[in-house]
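One structure below.
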Amino acid sequence: MLRWLLLAGGCGLDVVPGPDVSPDEPPDGTVVEGGDWYCTETSTLGPRQLRLLTREEYRNTVRDLLGALSIPVSGDLPGGQPCGTATFALDDPGMVYGSVAVAGSFNGWDAGAWPMAYDSGAGQWVRTEILGEGTFQYKFVVDGAWIADPANPDQADDGYGGANSVLNLSCTAALDLGALTANFPVESRPQGFPFDNSAAAGLVSASHADAHLLAAGAVAAAIAADLDGAVQRIAACAPADPGCDAAFAADFGALAFRRPLTEAQIARYTALIQAEGFPLAIEAMLSSPYFLYRSELGADQGDGTFQLDGYELASAMSYFYWASLPDAALLAAAADGSLLTDAGIRAQAARMLADPRARDRLARFAEQWLGAEPVLTTEKAVEFPAEIRAAMLEEAGGFVAGVAFDGSGEFSDLLLAAPAPSAALVGWYGTAGSAERGGLLGLGAVLATTAHSDQTSPVRRGLFVRERLLCQEFGPPPAEAGGVPDIDPDATTRERFATHTADPNCAACHRYIDPVGFGFEHFDPTGRWRDTDGGLPIDASGDLADIAFLGQGSSLPFSTLPDLSAALAGSDRAPACYTAQVMRLALGWQPELDEVCAYDAIRLGFKASGYDLQELMILATLSDPFRLRVSP
């Protein structure tokens with residue numbers, strides 16, 4: 001199907017009259033309900049395929065599969081100190097104290113107090129002892145007076161109206177899930193697809209294979225450190241119990257592979273446990289394609305489509321809502337067939353959304369949808385502390401999840417509600433202009449990632465609105481297009497970027513982009529408020545022209561960033577684009593531009609719900625594109 005192309009000035013702008021659609025002309029002269037776009041009747045489904053777990057999905061799957069795992073502390077601690085070593089220290093820079101000792105449950109309290117030595121270089125009284133594993137209580141004895149350790153916040157009632165300091169020493173450490181996937185290749189994201197879970201990009205390389213084997217070995221080592229506890233949690237039996245090997249193979253295998261094992265598989269893994277032990281069998285299961293890949297093959301429906309079976313659908317739902325494996329309740333719904341009904345899907349989806357993991361998943365979705373992750377590394381010409389960067393990223397994901405789960409739950413509040421920044425961000429942002437910082441557009445991570453290192457960028461910020469929030473696509477700029485205008489201390493950003501709309505080579509695109517980006521001008525490259533630019537007062541007015549579809553010739557002027565947010569919140573186009581973004585995450589692929597009508601039922605159901613964010617996620621899992629596949 002032909003697409004509307006606007007080639008004025010050679011811009012290469014692909015004019016898209018709706019989320020993911022640009023037909024040559026309306027197929028029947030009608031407009032889809034809402035009046036914002038035309039669409040075709042095409043309804044293409046995704047291909048049958050196996051989908052490799054992403055790094056996030058792998059970490060979460062191991063976490064939920066095995067629970068809290070501890071591993072032995074390898075060798076000695078830094079400095080050659082053996083495990084269970086405790087160093088006690090009390091600050092005394094001027095050596096005011098005459099004598100200091102430490103007494104506690106490890107040395108009989110006052111009967112065996114250990115004198116501490118003064119380190120003049122550190123200005124501290126110190127003592128190091130090997131205590132071994134355990135929980136201990138202690139106090140310092142300073143010139144005969146008993147005091148709790150002021151540097152240790154963990155305390156317990158001493159029974160005399162005071163407090164003892166508490167020390168916990170362990171020779172094991174929790175399995176580091178981040179380190180588990182540190183060597184996994186970073187997921188690639190196709191153009192226009194902002195998420196890590198692109199099915200087409202999940203191809204296994206030699207690097208993948210090596211990293212997966214190392215990770216499986218690390219998990220097996222952690223299991224070996226607490227074998228009895230791990231086996232008991234999973235199979236409710238002790239490793240030495242008769243039949244525990246087969247029970248563990250069946251139970252652990254069903255969780256790891258996300259469906260019941262065949263009798264042959266159970267026999268094979270049981271034999272491996274008997275010959276080599278539980279850890280090696282676990283390592284083998286975690287290296288299996290049945291663990292590393294999610295199946296989306298489906299059963300032939302006789303009409304060219306394949307419906308995901310109950311277990312495939314359980315995995316599709318759990319990785320959409322939680323980025324992790326199905327739990328026992330979801331697998332039970334797959335087993336009894338209830339998950340293949342609309343009522344069963346809705347019931348499980350509502351239950352899963354009430355799980356804290358759904359909040360984490362939506363926060364992660366928001367970080368990627370908004371393109372906020374680069375805030376951690378984007379280069380700035382001024383000091384931009386790491387803790388501020390991290391707080392901005394947390395704010396972005398937390399804001400979207402907070403609206404969905406704690407606030408009104410309505411899409412409009414993503415644009416209209418005021419985030420509650422951390423104390424560090426309040427100090428960074430400043431109080432001036434706080435009333436102007438509402439919703440997604442005023443998030444520090446968005447503002448910082450859509451600016452240059454030393455100046456704001458109406459282009460990047462305008463494209464953020466057009467592409468991320470309105471799903472309007474632009475082609476590459478023409479070869480003769482100029483770069484970013486030079487900084488002129490005597491000119492405002494608006495004045496410098498006026499060349500984009502004056503130059504016919506650029507105007508075809510930039511007349512849609514720059515007037516939107518000017519609305520952000522009160523915010524500098526690090527998200528801080530500013531009143532002037534080039535020594536002149538900021539003019540944050542602009543025009544959100546052709547919000548429904550580019551080329552329609554409409555105008556929607558605004559005066560401030562909150563005005564721009566309100567214009568987006570009041571449109572049908574922005575929630576329609578949000579629907580498309582959610583479906584991209586849910587499906588792991590990006591529909592062709594003429595397939596928008598495949599999502600009419602989802603989009604219109606979203607609108608009928610009052611644009612309820614949780615309801616949209618449920619509608620996504622009820623849709624045919626989520627449940628059906630076709631042969632590639």
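Ordered as shown in the structure tokens, chains take letters A, B, and onward, while each chain numbers its residues from 1 and ligands are numbered from 1 in the order shown.
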Could you please write out, as a PyMOL selection string, every residue of stretch 434-589 of chain A that DSSP assigns to helix (DSSP H, G or I)?
chain A and resi 434-436+440-442+444-449+458-469+493-496+498-502+504-520+561-569+573-587
Selection near A:Gln455, 9 Å with only C-alpha atoms, sequence-local residues under 4 positions removed, as a ChimeraX atom specification
/A:381,451,487,493,524-525
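Atom pair atom CA of A:Gly202 / atom CA of A:Thr54: separated by 7.7 Å.
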Mind checking DSSP for stretch 154-317 of chain A and telling me the strand (DSSP E or B) residues as a short mmCIF file (atom, residue, chain, number, x, y, z; two decimals) with N, CA and C atoms, in the first residue's frame?
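Heads up, here's the output in selection-v9.cif:
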data_model
loop_
_atom_site.label_atom_id
_atom_site.label_comp_id
_atom_site.auth_asym_id
_atom_site.auth_seq_id
_atom_site.Cartn_x
_atom_site.Cartn_y
_atom_site.Cartn_z
N GLN A 155 20.75 -1.70 66.29
CA GLN A 155 20.79 -1.74 67.74
C GLN A 155 19.69 -2.64 68.28
N ALA A 156 19.89 -3.04 69.53
CA ALA A 156 18.89 -3.85 70.24
C ALA A 156 18.82 -3.36 71.68
N ASP A 157 17.67 -3.51 72.31
CA ASP A 157 17.47 -3.09 73.70
C ASP A 157 18.43 -3.87 74.61
N ALA A 163 20.85 0.74 74.72
CA ALA A 163 20.90 -0.08 73.52
C ALA A 163 22.27 -0.69 73.34
N ASN A 164 22.30 -1.92 72.85
CA ASN A 164 23.51 -2.57 72.41
C ASN A 164 23.63 -2.45 70.90
N SER A 165 24.82 -2.36 70.39
CA SER A 165 25.03 -2.42 68.95
C SER A 165 24.97 -3.88 68.51
N VAL A 166 24.47 -4.12 67.30
CA VAL A 166 24.28 -5.48 66.78
C VAL A 166 25.17 -5.67 65.56
N LEU A 167 25.88 -6.81 65.52
CA LEU A 167 26.78 -7.13 64.42
C LEU A 167 26.40 -8.48 63.85
N ASN A 168 26.15 -8.54 62.55
CA ASN A 168 25.84 -9.79 61.86
C ASN A 168 27.01 -10.15 60.95
N LEU A 169 27.59 -11.32 61.17
CA LEU A 169 28.69 -11.80 60.34
C LEU A 169 28.28 -13.10 59.66
N THR A 172 28.60 -16.35 53.93
CA THR A 172 27.96 -16.52 52.62
C THR A 172 27.46 -15.17 52.17
N ALA A 173 27.23 -15.04 50.88
CA ALA A 173 26.70 -13.81 50.31
C ALA A 173 25.59 -14.17 49.34
N ALA A 174 24.64 -13.27 49.16
CA ALA A 174 23.55 -13.51 48.23
C ALA A 174 24.09 -13.57 46.80
N TYR A 293 14.83 -20.17 26.02
CA TYR A 293 13.89 -19.65 25.02
C TYR A 293 12.45 -19.79 25.51
N ARG A 294 11.63 -18.85 25.09
CA ARG A 294 10.18 -18.94 25.27
C ARG A 294 9.56 -19.42 23.96
N SER A 295 8.68 -20.40 24.06
CA SER A 295 8.03 -20.93 22.87
C SER A 295 6.77 -20.14 22.53
N GLU A 296 6.66 -19.74 21.26
CA GLU A 296 5.44 -19.13 20.73
C GLU A 296 5.13 -19.78 19.39
N ALA A 299 -0.83 -23.93 18.39
CA ALA A 299 -1.50 -25.09 17.78
C ALA A 299 -2.26 -24.63 16.54
N ASP A 300 -2.19 -25.43 15.49
CA ASP A 300 -2.81 -25.09 14.20
C ASP A 300 -4.33 -24.99 14.37
N THR A 305 -3.79 -19.75 11.13
CA THR A 305 -3.28 -19.19 12.38
C THR A 305 -2.97 -20.31 13.37
N PHE A 306 -2.16 -19.97 14.33
CA PHE A 306 -1.75 -20.92 15.37
C PHE A 306 -2.00 -20.25 16.73
N GLN A 307 -2.81 -20.90 17.57
CA GLN A 307 -3.13 -20.33 18.88
C GLN A 307 -2.14 -20.83 19.91
#
Residues near A:Tyr578, anyone? I mean within 9 Å using only C-alpha atoms, not counting same-chain ones fewer than 5 positions away, as a VMD selection string.
chain A and resid 411 468 to 471 573 583
Generate a file of the selected residues that holds all heavy atoms, formatted as a short mmCIF file (atom, residue, chain, number, x, y, z; two decimals), in the first residue's frame.
data_model
loop_
_atom_site.label_atom_id
_atom_site.label_comp_id
_atom_site.auth_asym_id
_atom_site.auth_seq_id
_atom_site.Cartn_x
_atom_site.Cartn_y
_atom_site.Cartn_z
N PHE A 411 -4.49 7.57 31.77
CA PHE A 411 -3.42 8.02 30.89
C PHE A 411 -3.18 9.51 30.98
O PHE A 411 -2.03 9.97 30.96
CB PHE A 411 -3.75 7.64 29.44
CG PHE A 411 -2.78 8.20 28.45
CD1 PHE A 411 -1.57 7.58 28.21
CD2 PHE A 411 -3.06 9.39 27.77
CE1 PHE A 411 -0.65 8.11 27.31
CE2 PHE A 411 -2.15 9.93 26.87
CZ PHE A 411 -0.95 9.29 26.63
N ARG A 468 7.86 9.55 20.24
CA ARG A 468 7.60 8.69 21.40
C ARG A 468 6.16 8.80 21.89
O ARG A 468 5.59 7.81 22.37
CB ARG A 468 8.54 9.06 22.55
CG ARG A 468 10.02 8.91 22.23
CD ARG A 468 10.52 7.53 22.46
NE ARG A 468 11.92 7.39 22.07
CZ ARG A 468 12.72 6.42 22.48
NH1 ARG A 468 12.26 5.49 23.31
NH2 ARG A 468 13.97 6.33 22.07
N LEU A 469 5.58 10.01 21.80
CA LEU A 469 4.25 10.23 22.38
C LEU A 469 3.14 10.27 21.33
O LEU A 469 1.97 10.08 21.68
CB LEU A 469 4.23 11.53 23.19
CG LEU A 469 5.27 11.65 24.31
CD1 LEU A 469 5.04 12.92 25.10
CD2 LEU A 469 5.24 10.43 25.22
N LEU A 470 3.48 10.52 20.08
CA LEU A 470 2.46 10.59 19.02
C LEU A 470 2.68 9.55 17.92
O LEU A 470 1.83 9.44 17.03
CB LEU A 470 2.42 11.99 18.40
CG LEU A 470 2.00 13.12 19.35
CD1 LEU A 470 2.09 14.47 18.63
CD2 LEU A 470 0.59 12.89 19.88
N CYS A 471 3.78 8.81 17.97
CA CYS A 471 4.08 7.77 16.98
C CYS A 471 4.08 8.33 15.55
O CYS A 471 3.60 7.68 14.62
CB CYS A 471 3.09 6.61 17.09
SG CYS A 471 3.18 5.68 18.63
N ARG A 573 -4.92 10.99 19.94
CA ARG A 573 -3.70 10.49 19.31
C ARG A 573 -2.67 10.00 20.32
O ARG A 573 -2.05 8.95 20.13
CB ARG A 573 -3.10 11.61 18.44
CG ARG A 573 -1.81 11.23 17.72
CD ARG A 573 -2.03 10.00 16.84
NE ARG A 573 -0.78 9.59 16.23
CZ ARG A 573 -0.51 9.74 14.94
NH1 ARG A 573 -1.39 10.31 14.14
NH2 ARG A 573 0.63 9.31 14.45
N MET A 583 1.70 -2.39 23.04
CA MET A 583 1.61 -3.60 22.22
C MET A 583 2.99 -4.02 21.72
O MET A 583 3.26 -5.22 21.57
CB MET A 583 0.66 -3.37 21.05
CG MET A 583 -0.81 -3.28 21.44
SD MET A 583 -1.40 -4.71 22.41
CE MET A 583 -1.18 -6.04 21.22
#
Skip A:Val102 itself and residues of its chain fewer than 2 positions away, then list as JSON, numbers by chain all residues within 9 Å of it, counting only C-alpha atoms.
{"A": [88, 100, 104, 107, 109, 110, 112, 113, 114, 115, 116, 127, 138, 139, 140, 141, 142]}
Given only C-alpha atoms as the counted atoms, nearest of A:Ala246, A:Ala151, A:Ala86, A:Val231 to A:Glu129:
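Checking each of A:Ala246, A:Ala151, A:Ala86, A:Val231 against A:Glu129, counting only C-alpha atoms, the winner is A:Ala86.
By only C-alpha atoms, and with residues fewer than 3 positions from A:Asp309 along its chain excluded, the set lying at most 8 Å from it is Gly298, Ala299, Glu312, Leu313, Ala334 and Leu340 of chain A.
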With N, CA and C atoms retained, write the just-selected residues as a compact mmCIF listing (two decimals), in the first residue's frame.
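What landed in out_16.txt:
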# COMPACT_ATOMS: atom_id res chain seq x y z
N GLY A 298 2.43 -22.36 19.08
CA GLY A 298 0.98 -22.48 19.00
C GLY A 298 0.49 -23.75 18.33
N ALA A 299 -0.83 -23.93 18.39
CA ALA A 299 -1.50 -25.09 17.78
C ALA A 299 -2.26 -24.63 16.54
N GLU A 312 2.24 -21.72 26.75
CA GLU A 312 2.84 -20.62 25.99
C GLU A 312 2.19 -19.29 26.37
N LEU A 313 0.87 -19.33 26.53
CA LEU A 313 0.17 -18.10 26.91
C LEU A 313 0.54 -17.68 28.33
N ALA A 334 -3.05 -22.72 33.21
CA ALA A 334 -2.69 -23.29 31.91
C ALA A 334 -3.04 -24.76 31.85
N LEU A 340 -7.22 -20.36 28.59
CA LEU A 340 -7.56 -20.21 27.17
C LEU A 340 -8.89 -19.50 26.97
What's around A:His212 at 12 Å? Count only C-alpha atoms, leave out sequence neighbours fewer than 2 positions away in its own chain, and write the answer as a PyMOL selection string.
chain A and resi 52-55+58-59+180-185+204-210+214-219+283-289+291-293
